[in-house]
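> Data: work14.json, JSON, N, CA, C and O atoms.
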```json
[["chain", "number", "residue", "atom", "x", "y", "z"],
["A", 58, "LEU", "N", 0.81, -1.20, 0.00],
["A", 58, "LEU", "CA", 0.00, 0.00, 0.00],
["A", 58, "LEU", "C", 0.85, 1.26, 0.00],
["A", 58, "LEU", "O", 0.48, 2.25, -0.61],
["A", 59, "ASP", "N", 1.96, 1.22, 0.68],
["A", 59, "ASP", "CA", 2.84, 2.39, 0.72],
["A", 59, "ASP", "C", 3.30, 2.76, -0.68],
["A", 59, "ASP", "O", 3.36, 3.93, -1.04],
["A", 60, "ARG", "N", 3.60, 1.75, -1.49],
["A", 60, "ARG", "CA", 4.03, 2.00, -2.87],
["A", 60, "ARG", "C", 2.92, 2.70, -3.66],
["A", 60, "ARG", "O", 3.16, 3.67, -4.37],
["A", 61, "LEU", "N", 1.67, 2.25, -3.50],
["A", 61, "LEU", "CA", 0.55, 2.89, -4.20],
["A", 61, "LEU", "C", 0.33, 4.31, -3.70],
["A", 61, "LEU", "O", 0.09, 5.23, -4.48],
["A", 62, "TRP", "N", 0.39, 4.49, -2.41],
["A", 62, "TRP", "CA", 0.12, 5.81, -1.81],
["A", 62, "TRP", "C", 1.11, 6.85, -2.29],
["A", 62, "TRP", "O", 0.77, 8.01, -2.47],
["A", 63, "ASN", "N", 2.34, 6.45, -2.52],
["A", 63, "ASN", "CA", 3.39, 7.39, -2.93],
["A", 63, "ASN", "C", 3.63, 7.42, -4.44],
["A", 63, "ASN", "O", 4.58, 8.04, -4.89],
["A", 64, "ASP", "N", 2.78, 6.76, -5.20],
["A", 64, "ASP", "CA", 2.93, 6.70, -6.65],
["A", 64, "ASP", "C", 1.94, 7.67, -7.31],
["A", 64, "ASP", "O", 0.74, 7.42, -7.29],
["A", 65, "PRO", "N", 2.41, 8.77, -7.89],
["A", 65, "PRO", "CA", 1.50, 9.73, -8.51],
["A", 65, "PRO", "C", 0.70, 9.16, -9.67],
["A", 65, "PRO", "O", -0.33, 9.71, -10.05],
["A", 66, "SER", "N", 1.12, 8.04, -10.26],
["A", 66, "SER", "CA", 0.37, 7.45, -11.35],
["A", 66, "SER", "C", -0.74, 6.52, -10.84],
["A", 66, "SER", "O", -1.59, 6.09, -11.62],
["A", 67, "ALA", "N", -0.76, 6.20, -9.56],
["A", 67, "ALA", "CA", -1.79, 5.34, -8.98],
["A", 67, "ALA", "C", -3.10, 6.11, -8.85],
["A", 67, "ALA", "O", -3.10, 7.32, -8.65],
["A", 68, "THR", "N", -4.19, 5.40, -8.98],
["A", 68, "THR", "CA", -5.51, 6.00, -8.80],
["A", 68, "THR", "C", -5.98, 5.68, -7.38],
["A", 68, "THR", "O", -6.22, 4.52, -7.06],
["A", 69, "ILE", "N", -6.07, 6.70, -6.56],
["A", 69, "ILE", "CA", -6.51, 6.52, -5.17],
["A", 69, "ILE", "C", -7.71, 7.42, -4.95],
["A", 69, "ILE", "O", -7.65, 8.63, -5.16],
["A", 70, "CYS", "N", -8.79, 6.83, -4.51],
["A", 70, "CYS", "CA", -10.00, 7.58, -4.22],
["A", 70, "CYS", "C", -10.45, 7.23, -2.82],
["A", 70, "CYS", "O", -10.67, 6.07, -2.50],
["A", 71, "VAL", "N", -10.56, 8.24, -1.97],
["A", 71, "VAL", "CA", -11.07, 8.02, -0.61],
["A", 71, "VAL", "C", -12.52, 8.48, -0.57],
["A", 71, "VAL", "O", -12.90, 9.44, -1.25],
["A", 72, "THR", "N", -13.33, 7.77, 0.20],
["A", 72, "THR", "CA", -14.76, 8.06, 0.23],
["A", 72, "THR", "C", -15.28, 8.17, 1.65],
["A", 72, "THR", "O", -14.67, 7.67, 2.59],
["A", 73, "ASP", "N", -16.40, 8.79, 1.76],
["A", 73, "ASP", "CA", -17.19, 8.81, 2.99],
["A", 73, "ASP", "C", -18.61, 9.16, 2.59],
["A", 73, "ASP", "O", -18.83, 9.81, 1.57],
["A", 74, "GLY", "N", -19.56, 8.75, 3.38],
["A", 74, "GLY", "CA", -20.94, 9.09, 3.11],
["A", 74, "GLY", "C", -21.36, 10.39, 3.77],
["A", 74, "GLY", "O", -22.27, 11.07, 3.32],
["A", 75, "ASP", "N", -20.65, 10.75, 4.82],
["A", 75, "ASP", "CA", -20.98, 11.93, 5.60],
["A", 75, "ASP", "C", -20.36, 13.18, 4.96],
["A", 75, "ASP", "O", -19.15, 13.22, 4.71],
["A", 76, "THR", "N", -21.16, 14.18, 4.72],
["A", 76, "THR", "CA", -20.71, 15.40, 4.06],
["A", 76, "THR", "C", -19.62, 16.12, 4.86],
["A", 76, "THR", "O", -18.63, 16.60, 4.29],
["A", 77, "GLN", "N", -19.78, 16.20, 6.17],
["A", 77, "GLN", "CA", -18.77, 16.89, 6.99],
["A", 77, "GLN", "C", -17.46, 16.12, 7.03],
["A", 77, "GLN", "O", -16.38, 16.71, 6.96],
["A", 78, "ALA", "N", -17.54, 14.81, 7.12],
["A", 78, "ALA", "CA", -16.31, 14.00, 7.11],
["A", 78, "ALA", "C", -15.61, 14.13, 5.76],
["A", 78, "ALA", "O", -14.38, 14.20, 5.70],
["A", 79, "LEU", "N", -16.38, 14.20, 4.70],
["A", 79, "LEU", "CA", -15.81, 14.36, 3.37],
["A", 79, "LEU", "C", -15.09, 15.71, 3.22],
["A", 79, "LEU", "O", -14.02, 15.79, 2.62],
["A", 80, "ALA", "N", -15.62, 16.74, 3.84],
["A", 80, "ALA", "CA", -14.96, 18.06, 3.81],
["A", 80, "ALA", "C", -13.60, 17.98, 4.49],
["A", 80, "ALA", "O", -12.61, 18.54, 4.01],
["A", 81, "VAL", "N", -13.52, 17.27, 5.60],
["A", 81, "VAL", "CA", -12.24, 17.11, 6.31],
["A", 81, "VAL", "C", -11.28, 16.27, 5.49],
["A", 81, "VAL", "O", -10.09, 16.59, 5.40],
["A", 82, "LEU", "N", -11.78, 15.21, 4.87],
["A", 82, "LEU", "CA", -10.94, 14.40, 3.98],
["A", 82, "LEU", "C", -10.32, 15.27, 2.89],
["A", 82, "LEU", "O", -9.12, 15.17, 2.61],
["A", 83, "ARG", "N", -11.13, 16.12, 2.30],
["A", 83, "ARG", "CA", -10.63, 16.97, 1.20],
["A", 83, "ARG", "C", -9.58, 17.96, 1.69],
["A", 83, "ARG", "O", -8.60, 18.24, 0.99],
["A", 84, "GLN", "N", -9.75, 18.48, 2.89],
["A", 84, "GLN", "CA", -8.74, 19.38, 3.46],
["A", 84, "GLN", "C", -7.43, 18.62, 3.66],
["A", 84, "GLN", "O", -6.35, 19.14, 3.36],
["A", 85, "ASN", "N", -7.52, 17.41, 4.17],
["A", 85, "ASN", "CA", -6.32, 16.61, 4.40],
["A", 85, "ASN", "C", -5.62, 16.25, 3.09],
["A", 85, "ASN", "O", -4.40, 16.24, 3.02],
["A", 86, "ILE", "N", -6.40, 15.97, 2.06],
["A", 86, "ILE", "CA", -5.81, 15.67, 0.76],
["A", 86, "ILE", "C", -5.05, 16.88, 0.23],
["A", 86, "ILE", "O", -3.92, 16.77, -0.24],
["A", 87, "GLN", "N", -5.65, 18.06, 0.34],
["A", 87, "GLN", "CA", -4.98, 19.28, -0.14],
["A", 87, "GLN", "C", -3.68, 19.52, 0.61],
["A", 87, "GLN", "O", -2.70, 19.97, 0.02],
["A", 88, "ARG", "N", -3.66, 19.22, 1.89],
["A", 88, "ARG", "CA", -2.45, 19.46, 2.69],
["A", 88, "ARG", "C", -1.36, 18.43, 2.44],
["A", 88, "ARG", "O", -0.18, 18.73, 2.61],
["A", 89, "ASN", "N", -1.73, 17.22, 2.05],
["A", 89, "ASN", "CA", -0.76, 16.13, 2.04],
["A", 89, "ASN", "C", -0.50, 15.45, 0.72],
["A", 89, "ASN", "O", 0.57, 14.90, 0.53],
["A", 90, "ASN", "N", -1.46, 15.44, -0.17],
["A", 90, "ASN", "CA", -1.30, 14.57, -1.33],
["A", 90, "ASN", "C", -2.23, 15.03, -2.44],
["A", 90, "ASN", "O", -3.39, 14.67, -2.45],
["A", 91, "SER", "N", -1.72, 15.74, -3.41],
["A", 91, "SER", "CA", -2.58, 16.39, -4.40],
["A", 91, "SER", "C", -3.18, 15.43, -5.42],
["A", 91, "SER", "O", -4.12, 15.79, -6.11],
["A", 92, "TYR", "N", -2.67, 14.22, -5.60],
["A", 92, "TYR", "CA", -3.20, 13.34, -6.63],
["A", 92, "TYR", "C", -4.25, 12.35, -6.12],
["A", 92, "TYR", "O", -4.80, 11.57, -6.88],
["A", 93, "VAL", "N", -4.56, 12.37, -4.85],
["A", 93, "VAL", "CA", -5.64, 11.55, -4.30],
["A", 93, "VAL", "C", -6.95, 12.29, -4.53],
["A", 93, "VAL", "O", -7.03, 13.50, -4.38],
["A", 94, "THR", "N", -8.00, 11.57, -4.92],
["A", 94, "THR", "CA", -9.30, 12.18, -5.11],
["A", 94, "THR", "C", -10.24, 11.73, -3.99],
["A", 94, "THR", "O", -9.96, 10.77, -3.28],
["A", 95, "SER", "N", -11.35, 12.43, -3.87],
["A", 95, "SER", "CA", -12.35, 12.05, -2.87],
["A", 95, "SER", "C", -13.74, 12.17, -3.48],
["A", 95, "SER", "O", -13.98, 13.05, -4.32],
["A", 96, "ARG", "N", -14.60, 11.29, -3.06],
["A", 96, "ARG", "CA", -15.99, 11.31, -3.53],
["A", 96, "ARG", "C", -16.90, 10.83, -2.42],
["A", 96, "ARG", "O", -16.49, 10.03, -1.57],
["A", 97, "GLN", "N", -18.12, 11.28, -2.47],
["A", 97, "GLN", "CA", -19.10, 10.80, -1.51],
["A", 97, "GLN", "C", -19.63, 9.45, -1.99],
["A", 97, "GLN", "O", -19.96, 9.28, -3.17],
["A", 98, "LEU", "N", -19.67, 8.49, -1.09],
["A", 98, "LEU", "CA", -20.21, 7.17, -1.40],
["A", 98, "LEU", "C", -21.26, 6.83, -0.35],
["A", 98, "LEU", "O", -20.93, 6.64, 0.82],
["A", 99, "LEU", "N", -22.49, 6.79, -0.79],
["A", 99, "LEU", "CA", -23.58, 6.35, 0.07],
["A", 99, "LEU", "C", -23.78, 4.87, -0.19],
["A", 99, "LEU", "O", -23.87, 4.43, -1.34],
["A", 100, "TRP", "N", -23.85, 4.10, 0.88],
["A", 100, "TRP", "CA", -23.94, 2.65, 0.72],
["A", 100, "TRP", "C", -25.30, 2.23, 0.20],
["A", 100, "TRP", "O", -26.31, 2.83, 0.49],
["A", 101, "GLY", "N", -25.30, 1.13, -0.54],
["A", 101, "GLY", "CA", -26.50, 0.54, -1.10],
["A", 101, "GLY", "C", -26.24, 0.14, -2.54],
["A", 101, "GLY", "O", -25.34, 0.66, -3.20],
["A", 102, "LYS", "N", -27.00, -0.82, -3.03],
["A", 102, "LYS", "CA", -26.78, -1.36, -4.37],
["A", 102, "LYS", "C", -26.89, -0.31, -5.46],
["A", 102, "LYS", "O", -26.03, -0.20, -6.32],
["A", 103, "GLU", "N", -27.96, 0.48, -5.43],
["A", 103, "GLU", "CA", -28.17, 1.45, -6.50],
["A", 103, "GLU", "C", -27.10, 2.53, -6.52],
["A", 103, "GLU", "O", -26.60, 2.91, -7.58],
["A", 104, "THR", "N", -26.74, 3.06, -5.36],
["A", 104, "THR", "CA", -25.73, 4.12, -5.33],
["A", 104, "THR", "C", -24.35, 3.57, -5.68],
["A", 104, "THR", "O", -23.55, 4.25, -6.31],
["A", 105, "ALA", "N", -24.08, 2.33, -5.30],
["A", 105, "ALA", "CA", -22.78, 1.72, -5.63],
["A", 105, "ALA", "C", -22.66, 1.51, -7.14],
["A", 105, "ALA", "O", -21.60, 1.74, -7.72],
["A", 106, "LEU", "N", -23.73, 1.07, -7.78],
["A", 106, "LEU", "CA", -23.69, 0.87, -9.23],
["A", 106, "LEU", "C", -23.47, 2.18, -9.97],
["A", 106, "LEU", "O", -22.80, 2.22, -11.00],
["A", 107, "ALA", "N", -24.02, 3.24, -9.45],
["A", 107, "ALA", "CA", -23.86, 4.55, -10.08],
["A", 107, "ALA", "C", -22.53, 5.20, -9.73],
["A", 107, "ALA", "O", -22.10, 6.15, -10.40],
["A", 108, "PHE", "N", -21.85, 4.71, -8.70],
["A", 108, "PHE", "CA", -20.64, 5.35, -8.20],
["A", 108, "PHE", "C", -19.50, 5.32, -9.21],
["A", 108, "PHE", "O", -18.95, 6.33, -9.58],
["A", 109, "ASP", "N", -19.11, 4.14, -9.64],
["A", 109, "ASP", "CA", -17.93, 4.04, -10.49],
["A", 109, "ASP", "C", -17.88, 2.66, -11.11],
["A", 109, "ASP", "O", -18.17, 1.67, -10.47],
["A", 110, "GLN", "N", -17.46, 2.61, -12.35],
["A", 110, "GLN", "CA", -17.28, 1.33, -13.03],
["A", 110, "GLN", "C", -15.81, 0.93, -13.12],
["A", 110, "GLN", "O", -15.47, -0.07, -13.70],
["A", 111, "GLU", "N", -14.95, 1.75, -12.54],
["A", 111, "GLU", "CA", -13.51, 1.49, -12.59],
["A", 111, "GLU", "C", -13.15, 0.40, -11.59],
["A", 111, "GLU", "O", -13.54, 0.45, -10.43],
["A", 112, "PRO", "N", -12.38, -0.62, -12.02],
["A", 112, "PRO", "CA", -11.94, -1.64, -11.06],
["A", 112, "PRO", "C", -10.84, -1.08, -10.15],
["A", 112, "PRO", "O", -10.01, -0.28, -10.59],
["A", 113, "TYR", "N", -10.85, -1.49, -8.92],
["A", 113, "TYR", "CA", -9.84, -1.04, -7.96],
["A", 113, "TYR", "C", -8.94, -2.20, -7.58],
["A", 113, "TYR", "O", -9.40, -3.32, -7.41],
["A", 114, "GLN", "N", -7.65, -1.92, -7.45],
["A", 114, "GLN", "CA", -6.69, -2.95, -7.04],
["A", 114, "GLN", "C", -6.82, -3.26, -5.55],
["A", 114, "GLN", "O", -6.62, -4.38, -5.13],
["A", 115, "VAL", "N", -7.12, -2.23, -4.76],
["A", 115, "VAL", "CA", -7.20, -2.39, -3.31],
["A", 115, "VAL", "C", -8.43, -1.63, -2.83],
["A", 115, "VAL", "O", -8.66, -0.50, -3.24],
["A", 116, "ILE", "N", -9.19, -2.27, -1.97],
["A", 116, "ILE", "CA", -10.27, -1.59, -1.27],
["A", 116, "ILE", "C", -9.99, -1.75, 0.21],
["A", 116, "ILE", "O", -9.86, -2.87, 0.71],
["A", 117, "MET", "N", -9.86, -0.65, 0.89],
["A", 117, "MET", "CA", -9.54, -0.66, 2.31],
["A", 117, "MET", "C", -10.65, 0.06, 3.07],
["A", 117, "MET", "O", -11.13, 1.09, 2.64],
["A", 118, "ALA", "N", -11.05, -0.51, 4.17],
["A", 118, "ALA", "CA", -12.10, 0.09, 4.97],
["A", 118, "ALA", "C", -11.64, 0.17, 6.42],
["A", 118, "ALA", "O", -10.90, -0.68, 6.90],
["A", 119, "SER", "N", -12.10, 1.20, 7.09],
["A", 119, "SER", "CA", -11.71, 1.39, 8.48],
["A", 119, "SER", "C", -12.86, 2.00, 9.26],
["A", 119, "SER", "O", -13.49, 2.97, 8.80],
["A", 120, "ASP", "N", -13.17, 1.44, 10.40],
["A", 120, "ASP", "CA", -14.18, 1.99, 11.31],
["A", 120, "ASP", "C", -15.50, 2.24, 10.58],
["A", 120, "ASP", "O", -16.06, 3.32, 10.62],
["A", 121, "ILE", "N", -16.00, 1.20, 9.90],
["A", 121, "ILE", "CA", -17.18, 1.40, 9.07],
["A", 121, "ILE", "C", -18.46, 0.80, 9.64],
["A", 121, "ILE", "O", -19.54, 1.16, 9.21],
["A", 122, "ILE", "N", -18.35, -0.14, 10.57],
["A", 122, "ILE", "CA", -19.56, -0.78, 11.11],
["A", 122, "ILE", "C", -19.81, -0.22, 12.50],
["A", 122, "ILE", "O", -19.17, -0.58, 13.46],
["A", 123, "TYR", "N", -20.74, 0.71, 12.56],
["A", 123, "TYR", "CA", -21.05, 1.39, 13.81],
["A", 123, "TYR", "C", -22.46, 1.11, 14.28],
["A", 123, "TYR", "O", -22.84, 1.51, 15.37],
["A", 124, "ALA", "N", -23.26, 0.45, 13.46],
["A", 124, "ALA", "CA", -24.62, 0.08, 13.84],
["A", 124, "ALA", "C", -25.05, -1.11, 12.98],
["A", 124, "ALA", "O", -24.63, -1.22, 11.82],
["A", 125, "ALA", "N", -25.87, -1.97, 13.53],
["A", 125, "ALA", "CA", -26.33, -3.15, 12.79],
["A", 125, "ALA", "C", -27.06, -2.76, 11.50],
["A", 125, "ALA", "O", -27.00, -3.49, 10.51],
["A", 126, "SER", "N", -27.70, -1.62, 11.49],
["A", 126, "SER", "CA", -28.47, -1.19, 10.33],
["A", 126, "SER", "C", -27.61, -0.91, 9.10],
["A", 126, "SER", "O", -28.13, -0.83, 7.99],
["A", 127, "VAL", "N", -26.30, -0.76, 9.26],
["A", 127, "VAL", "CA", -25.44, -0.47, 8.10],
["A", 127, "VAL", "C", -24.92, -1.73, 7.42],
["A", 127, "VAL", "O", -24.33, -1.64, 6.35],
["A", 128, "LEU", "N", -25.13, -2.89, 8.01],
["A", 128, "LEU", "CA", -24.56, -4.11, 7.46],
["A", 128, "LEU", "C", -25.12, -4.45, 6.07],
["A", 128, "LEU", "O", -24.36, -4.75, 5.15],
["A", 129, "VAL", "N", -26.42, -4.42, 5.89],
["A", 129, "VAL", "CA", -27.00, -4.78, 4.60],
["A", 129, "VAL", "C", -26.56, -3.79, 3.51],
["A", 129, "VAL", "O", -26.07, -4.21, 2.45],
["A", 130, "PRO", "N", -26.68, -2.47, 3.73],
["A", 130, "PRO", "CA", -26.20, -1.55, 2.69],
["A", 130, "PRO", "C", -24.70, -1.70, 2.40],
["A", 130, "PRO", "O", -24.27, -1.56, 1.25],
["A", 131, "LEU", "N", -23.90, -2.00, 3.42],
["A", 131, "LEU", "CA", -22.47, -2.21, 3.21],
["A", 131, "LEU", "C", -22.23, -3.38, 2.28],
["A", 131, "LEU", "O", -21.49, -3.27, 1.31],
["A", 132, "TRP", "N", -22.86, -4.51, 2.53],
["A", 132, "TRP", "CA", -22.66, -5.70, 1.70],
["A", 132, "TRP", "C", -23.22, -5.48, 0.29],
["A", 132, "TRP", "O", -22.69, -6.01, -0.67],
["A", 133, "GLU", "N", -24.29, -4.73, 0.15],
["A", 133, "GLU", "CA", -24.82, -4.40, -1.17],
["A", 133, "GLU", "C", -23.82, -3.58, -1.97],
["A", 133, "GLU", "O", -23.71, -3.73, -3.19],
["A", 134, "THR", "N", -23.10, -2.71, -1.27],
["A", 134, "THR", "CA", -22.13, -1.86, -1.93],
["A", 134, "THR", "C", -20.96, -2.69, -2.41],
["A", 134, "THR", "O", -20.48, -2.52, -3.50]]
```
Just give me the structure of the file as structure tokens.


Amino acid sequence: LDRLWNDPSATICVTDGDTQALAVLRQNIQRNNSYVTSRQLLWGKETALAFDQEPYQVIMASDIIYAASVLVPLWET
């Protein structure tokens, strides 16, 4: 992952569903790494299909299951 993170030719997109968290992500990207992009991703089958058709080499998730109600939309995504 370190190799991808430091490679300007790599495609790295960080996501969040929360608008305020996404604003902080974007501030951090501007401060640290100009070639990383960010997008809002709302979980669920329909929103995931509309999100992106690009295949990703790595999908990493952190601190994402905070309530039982998010499990089904997470797996649909």

> Extract, using only C-alpha atoms, all DNA, RNA and protein residues at most 10 Å from range 81-84 of chain A, discarding same-chain residues fewer than 3 positions from it, and format them as a list in words.

Val71, Thr72, Asp73, Thr76, Gln77, Ala78, Gln87, Arg88, Asn89, Asn90, Ser91, Val93, Thr94, Ser95 and Arg96 of chain A

> Run DSSP on the backbone and give me the residues of range 60-133 of chain A it puts in strand (DSSP E), as number ranges by chain.

A: 70-73, 94-97

> Which distance in Å separates CA of Gln97 in chain A and CA of Met117 in chain A, to one decimal?

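It comes out at 15.4 Å.
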
> Grab the CA of Gln114 in chain A to CA of Leu128 in chain A distance for me, in Å with one decimal place.

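Separation of CA of Gln114 in chain A and CA of Leu128 in chain A: 23.0 Å.
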
> Could you state the separation of CA of Leu98 in chain A and CA of Gly74 in chain A in Å, given to one decimal place?

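CA of Gly74 in chain A lies 5.0 Å from CA of Leu98 in chain A.
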
> List the spatial neighbours of Leu106 in chain A as a PDB file with N, CA, C and O atoms, in the frame of the given file - criterion: any atom at most 12 Å away, only C-alpha atoms, same-chain residues fewer than 6 positions off excluded.


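So out_8.pdb came out as:
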```
ATOM      1  N   LEU A  98     -19.670   8.490  -1.090  1.00  0.00           N
ATOM      2  CA  LEU A  98     -20.210   7.170  -1.400  1.00  0.00           C
ATOM      3  C   LEU A  98     -21.260   6.830  -0.350  1.00  0.00           C
ATOM      4  O   LEU A  98     -20.930   6.640   0.820  1.00  0.00           O
ATOM      5  N   LEU A  99     -22.490   6.790  -0.790  1.00  0.00           N
ATOM      6  CA  LEU A  99     -23.580   6.350   0.070  1.00  0.00           C
ATOM      7  C   LEU A  99     -23.780   4.870  -0.190  1.00  0.00           C
ATOM      8  O   LEU A  99     -23.870   4.430  -1.340  1.00  0.00           O
ATOM      9  N   TRP A 100     -23.850   4.100   0.880  1.00  0.00           N
ATOM     10  CA  TRP A 100     -23.940   2.650   0.720  1.00  0.00           C
ATOM     11  C   TRP A 100     -25.300   2.230   0.200  1.00  0.00           C
ATOM     12  O   TRP A 100     -26.310   2.830   0.490  1.00  0.00           O
ATOM     13  N   GLU A 133     -24.290  -4.730   0.150  1.00  0.00           N
ATOM     14  CA  GLU A 133     -24.820  -4.400  -1.170  1.00  0.00           C
ATOM     15  C   GLU A 133     -23.820  -3.580  -1.970  1.00  0.00           C
ATOM     16  O   GLU A 133     -23.710  -3.730  -3.190  1.00  0.00           O
ATOM     17  N   THR A 134     -23.100  -2.710  -1.270  1.00  0.00           N
ATOM     18  CA  THR A 134     -22.130  -1.860  -1.930  1.00  0.00           C
ATOM     19  C   THR A 134     -20.960  -2.690  -2.410  1.00  0.00           C
ATOM     20  O   THR A 134     -20.480  -2.520  -3.500  1.00  0.00           O
TER      21      THR A 134
END
```

> DSSP says alpha helix (DSSP H) for which residues of chain A? Put them as number ranges by chain?

A: 59-62, 76-89, 102-108, 128-133

> Point out the residue among A:Ile121, A:Val115, A:Leu131, A:Ile86 with the least atom-to-atom distance to Glu103 in chain A, counting only C-alpha atoms.

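Checking each of A:Ile121, A:Val115, A:Leu131, A:Ile86 against Glu103 in chain A, counting only C-alpha atoms, the winner is A:Leu131.
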
> Return as lines of an AutoDock Vina configuration file the centre and edge lengths, in Å with one decimal, of the box along x, y and z that encloses every atom of range 111-114 of chain A in the file, padded by 6 Å per side.


```
center_x = -10.8
center_y = -1.3
center_z = -8.9
size_x = 20.3
size_y = 18.1
size_z = 19.5
```

> Is there a way to complete range 108-115 of chain A with all heavy atoms and then write that out as a PDB file, in the coordinates of the input?


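File produced: result.pdb:
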```pdb
ATOM      1  N   PHE A 108     -21.850   4.710  -8.700  1.00  0.00           N
ATOM      2  CA  PHE A 108     -20.640   5.350  -8.200  1.00  0.00           C
ATOM      3  C   PHE A 108     -19.500   5.320  -9.210  1.00  0.00           C
ATOM      4  O   PHE A 108     -18.950   6.330  -9.580  1.00  0.00           O
ATOM      5  CB  PHE A 108     -20.188   4.714  -6.891  1.00  0.00           C
ATOM      6  CG  PHE A 108     -18.934   5.314  -6.326  1.00  0.00           C
ATOM      7  CD1 PHE A 108     -18.968   6.550  -5.710  1.00  0.00           C
ATOM      8  CD2 PHE A 108     -17.732   4.649  -6.413  1.00  0.00           C
ATOM      9  CE1 PHE A 108     -17.819   7.126  -5.184  1.00  0.00           C
ATOM     10  CE2 PHE A 108     -16.573   5.216  -5.894  1.00  0.00           C
ATOM     11  CZ  PHE A 108     -16.619   6.442  -5.287  1.00  0.00           C
ATOM     12  N   ASP A 109     -19.110   4.140  -9.640  1.00  0.00           N
ATOM     13  CA  ASP A 109     -17.930   4.040 -10.490  1.00  0.00           C
ATOM     14  C   ASP A 109     -17.880   2.660 -11.110  1.00  0.00           C
ATOM     15  O   ASP A 109     -18.170   1.670 -10.470  1.00  0.00           O
ATOM     16  CB  ASP A 109     -16.669   4.263  -9.653  1.00  0.00           C
ATOM     17  CG  ASP A 109     -15.529   4.821 -10.457  1.00  0.00           C
ATOM     18  OD1 ASP A 109     -15.550   4.714 -11.690  1.00  0.00           O
ATOM     19  OD2 ASP A 109     -14.602   5.368  -9.848  1.00  0.00           O
ATOM     20  N   GLN A 110     -17.460   2.610 -12.350  1.00  0.00           N
ATOM     21  CA  GLN A 110     -17.280   1.330 -13.030  1.00  0.00           C
ATOM     22  C   GLN A 110     -15.810   0.930 -13.120  1.00  0.00           C
ATOM     23  O   GLN A 110     -15.470  -0.070 -13.700  1.00  0.00           O
ATOM     24  CB  GLN A 110     -17.895   1.398 -14.434  1.00  0.00           C
ATOM     25  CG  GLN A 110     -19.381   1.661 -14.424  1.00  0.00           C
ATOM     26  CD  GLN A 110     -20.157   0.593 -13.672  1.00  0.00           C
ATOM     27  OE1 GLN A 110     -19.913  -0.594 -13.815  1.00  0.00           O
ATOM     28  NE2 GLN A 110     -21.088   1.019 -12.844  1.00  0.00           N
ATOM     29  N   GLU A 111     -14.950   1.750 -12.540  1.00  0.00           N
ATOM     30  CA  GLU A 111     -13.510   1.490 -12.590  1.00  0.00           C
ATOM     31  C   GLU A 111     -13.150   0.400 -11.590  1.00  0.00           C
ATOM     32  O   GLU A 111     -13.540   0.450 -10.430  1.00  0.00           O
ATOM     33  CB  GLU A 111     -12.767   2.774 -12.238  1.00  0.00           C
ATOM     34  CG  GLU A 111     -11.275   2.639 -12.246  1.00  0.00           C
ATOM     35  CD  GLU A 111     -10.594   3.948 -11.897  1.00  0.00           C
ATOM     36  OE1 GLU A 111     -11.200   5.008 -12.085  1.00  0.00           O
ATOM     37  OE2 GLU A 111      -9.461   3.888 -11.426  1.00  0.00           O
ATOM     38  N   PRO A 112     -12.380  -0.620 -12.020  1.00  0.00           N
ATOM     39  CA  PRO A 112     -11.940  -1.640 -11.060  1.00  0.00           C
ATOM     40  C   PRO A 112     -10.840  -1.080 -10.150  1.00  0.00           C
ATOM     41  O   PRO A 112     -10.010  -0.280 -10.590  1.00  0.00           O
ATOM     42  CB  PRO A 112     -11.396  -2.761 -11.942  1.00  0.00           C
ATOM     43  CG  PRO A 112     -10.998  -2.083 -13.210  1.00  0.00           C
ATOM     44  CD  PRO A 112     -11.914  -0.890 -13.370  1.00  0.00           C
ATOM     45  N   TYR A 113     -10.850  -1.490  -8.920  1.00  0.00           N
ATOM     46  CA  TYR A 113      -9.840  -1.040  -7.960  1.00  0.00           C
ATOM     47  C   TYR A 113      -8.940  -2.200  -7.580  1.00  0.00           C
ATOM     48  O   TYR A 113      -9.400  -3.320  -7.410  1.00  0.00           O
ATOM     49  CB  TYR A 113     -10.509  -0.473  -6.703  1.00  0.00           C
ATOM     50  CG  TYR A 113     -11.236   0.817  -6.967  1.00  0.00           C
ATOM     51  CD1 TYR A 113     -12.595   0.842  -7.236  1.00  0.00           C
ATOM     52  CD2 TYR A 113     -10.544   2.019  -6.973  1.00  0.00           C
ATOM     53  CE1 TYR A 113     -13.264   2.028  -7.501  1.00  0.00           C
ATOM     54  CE2 TYR A 113     -11.200   3.212  -7.234  1.00  0.00           C
ATOM     55  CZ  TYR A 113     -12.549   3.204  -7.497  1.00  0.00           C
ATOM     56  OH  TYR A 113     -13.201   4.374  -7.768  1.00  0.00           O
ATOM     57  N   GLN A 114      -7.650  -1.920  -7.450  1.00  0.00           N
ATOM     58  CA  GLN A 114      -6.690  -2.950  -7.040  1.00  0.00           C
ATOM     59  C   GLN A 114      -6.820  -3.260  -5.550  1.00  0.00           C
ATOM     60  O   GLN A 114      -6.620  -4.380  -5.130  1.00  0.00           O
ATOM     61  CB  GLN A 114      -5.265  -2.503  -7.338  1.00  0.00           C
ATOM     62  CG  GLN A 114      -4.976  -2.408  -8.819  1.00  0.00           C
ATOM     63  CD  GLN A 114      -3.579  -1.876  -9.046  1.00  0.00           C
ATOM     64  OE1 GLN A 114      -3.176  -0.885  -8.461  1.00  0.00           O
ATOM     65  NE2 GLN A 114      -2.848  -2.554  -9.903  1.00  0.00           N
ATOM     66  N   VAL A 115      -7.120  -2.230  -4.760  1.00  0.00           N
ATOM     67  CA  VAL A 115      -7.200  -2.390  -3.310  1.00  0.00           C
ATOM     68  C   VAL A 115      -8.430  -1.630  -2.830  1.00  0.00           C
ATOM     69  O   VAL A 115      -8.660  -0.500  -3.240  1.00  0.00           O
ATOM     70  CB  VAL A 115      -5.937  -1.809  -2.608  1.00  0.00           C
ATOM     71  CG1 VAL A 115      -6.085  -1.891  -1.105  1.00  0.00           C
ATOM     72  CG2 VAL A 115      -4.686  -2.515  -3.081  1.00  0.00           C
TER      73      VAL A 115
END
```
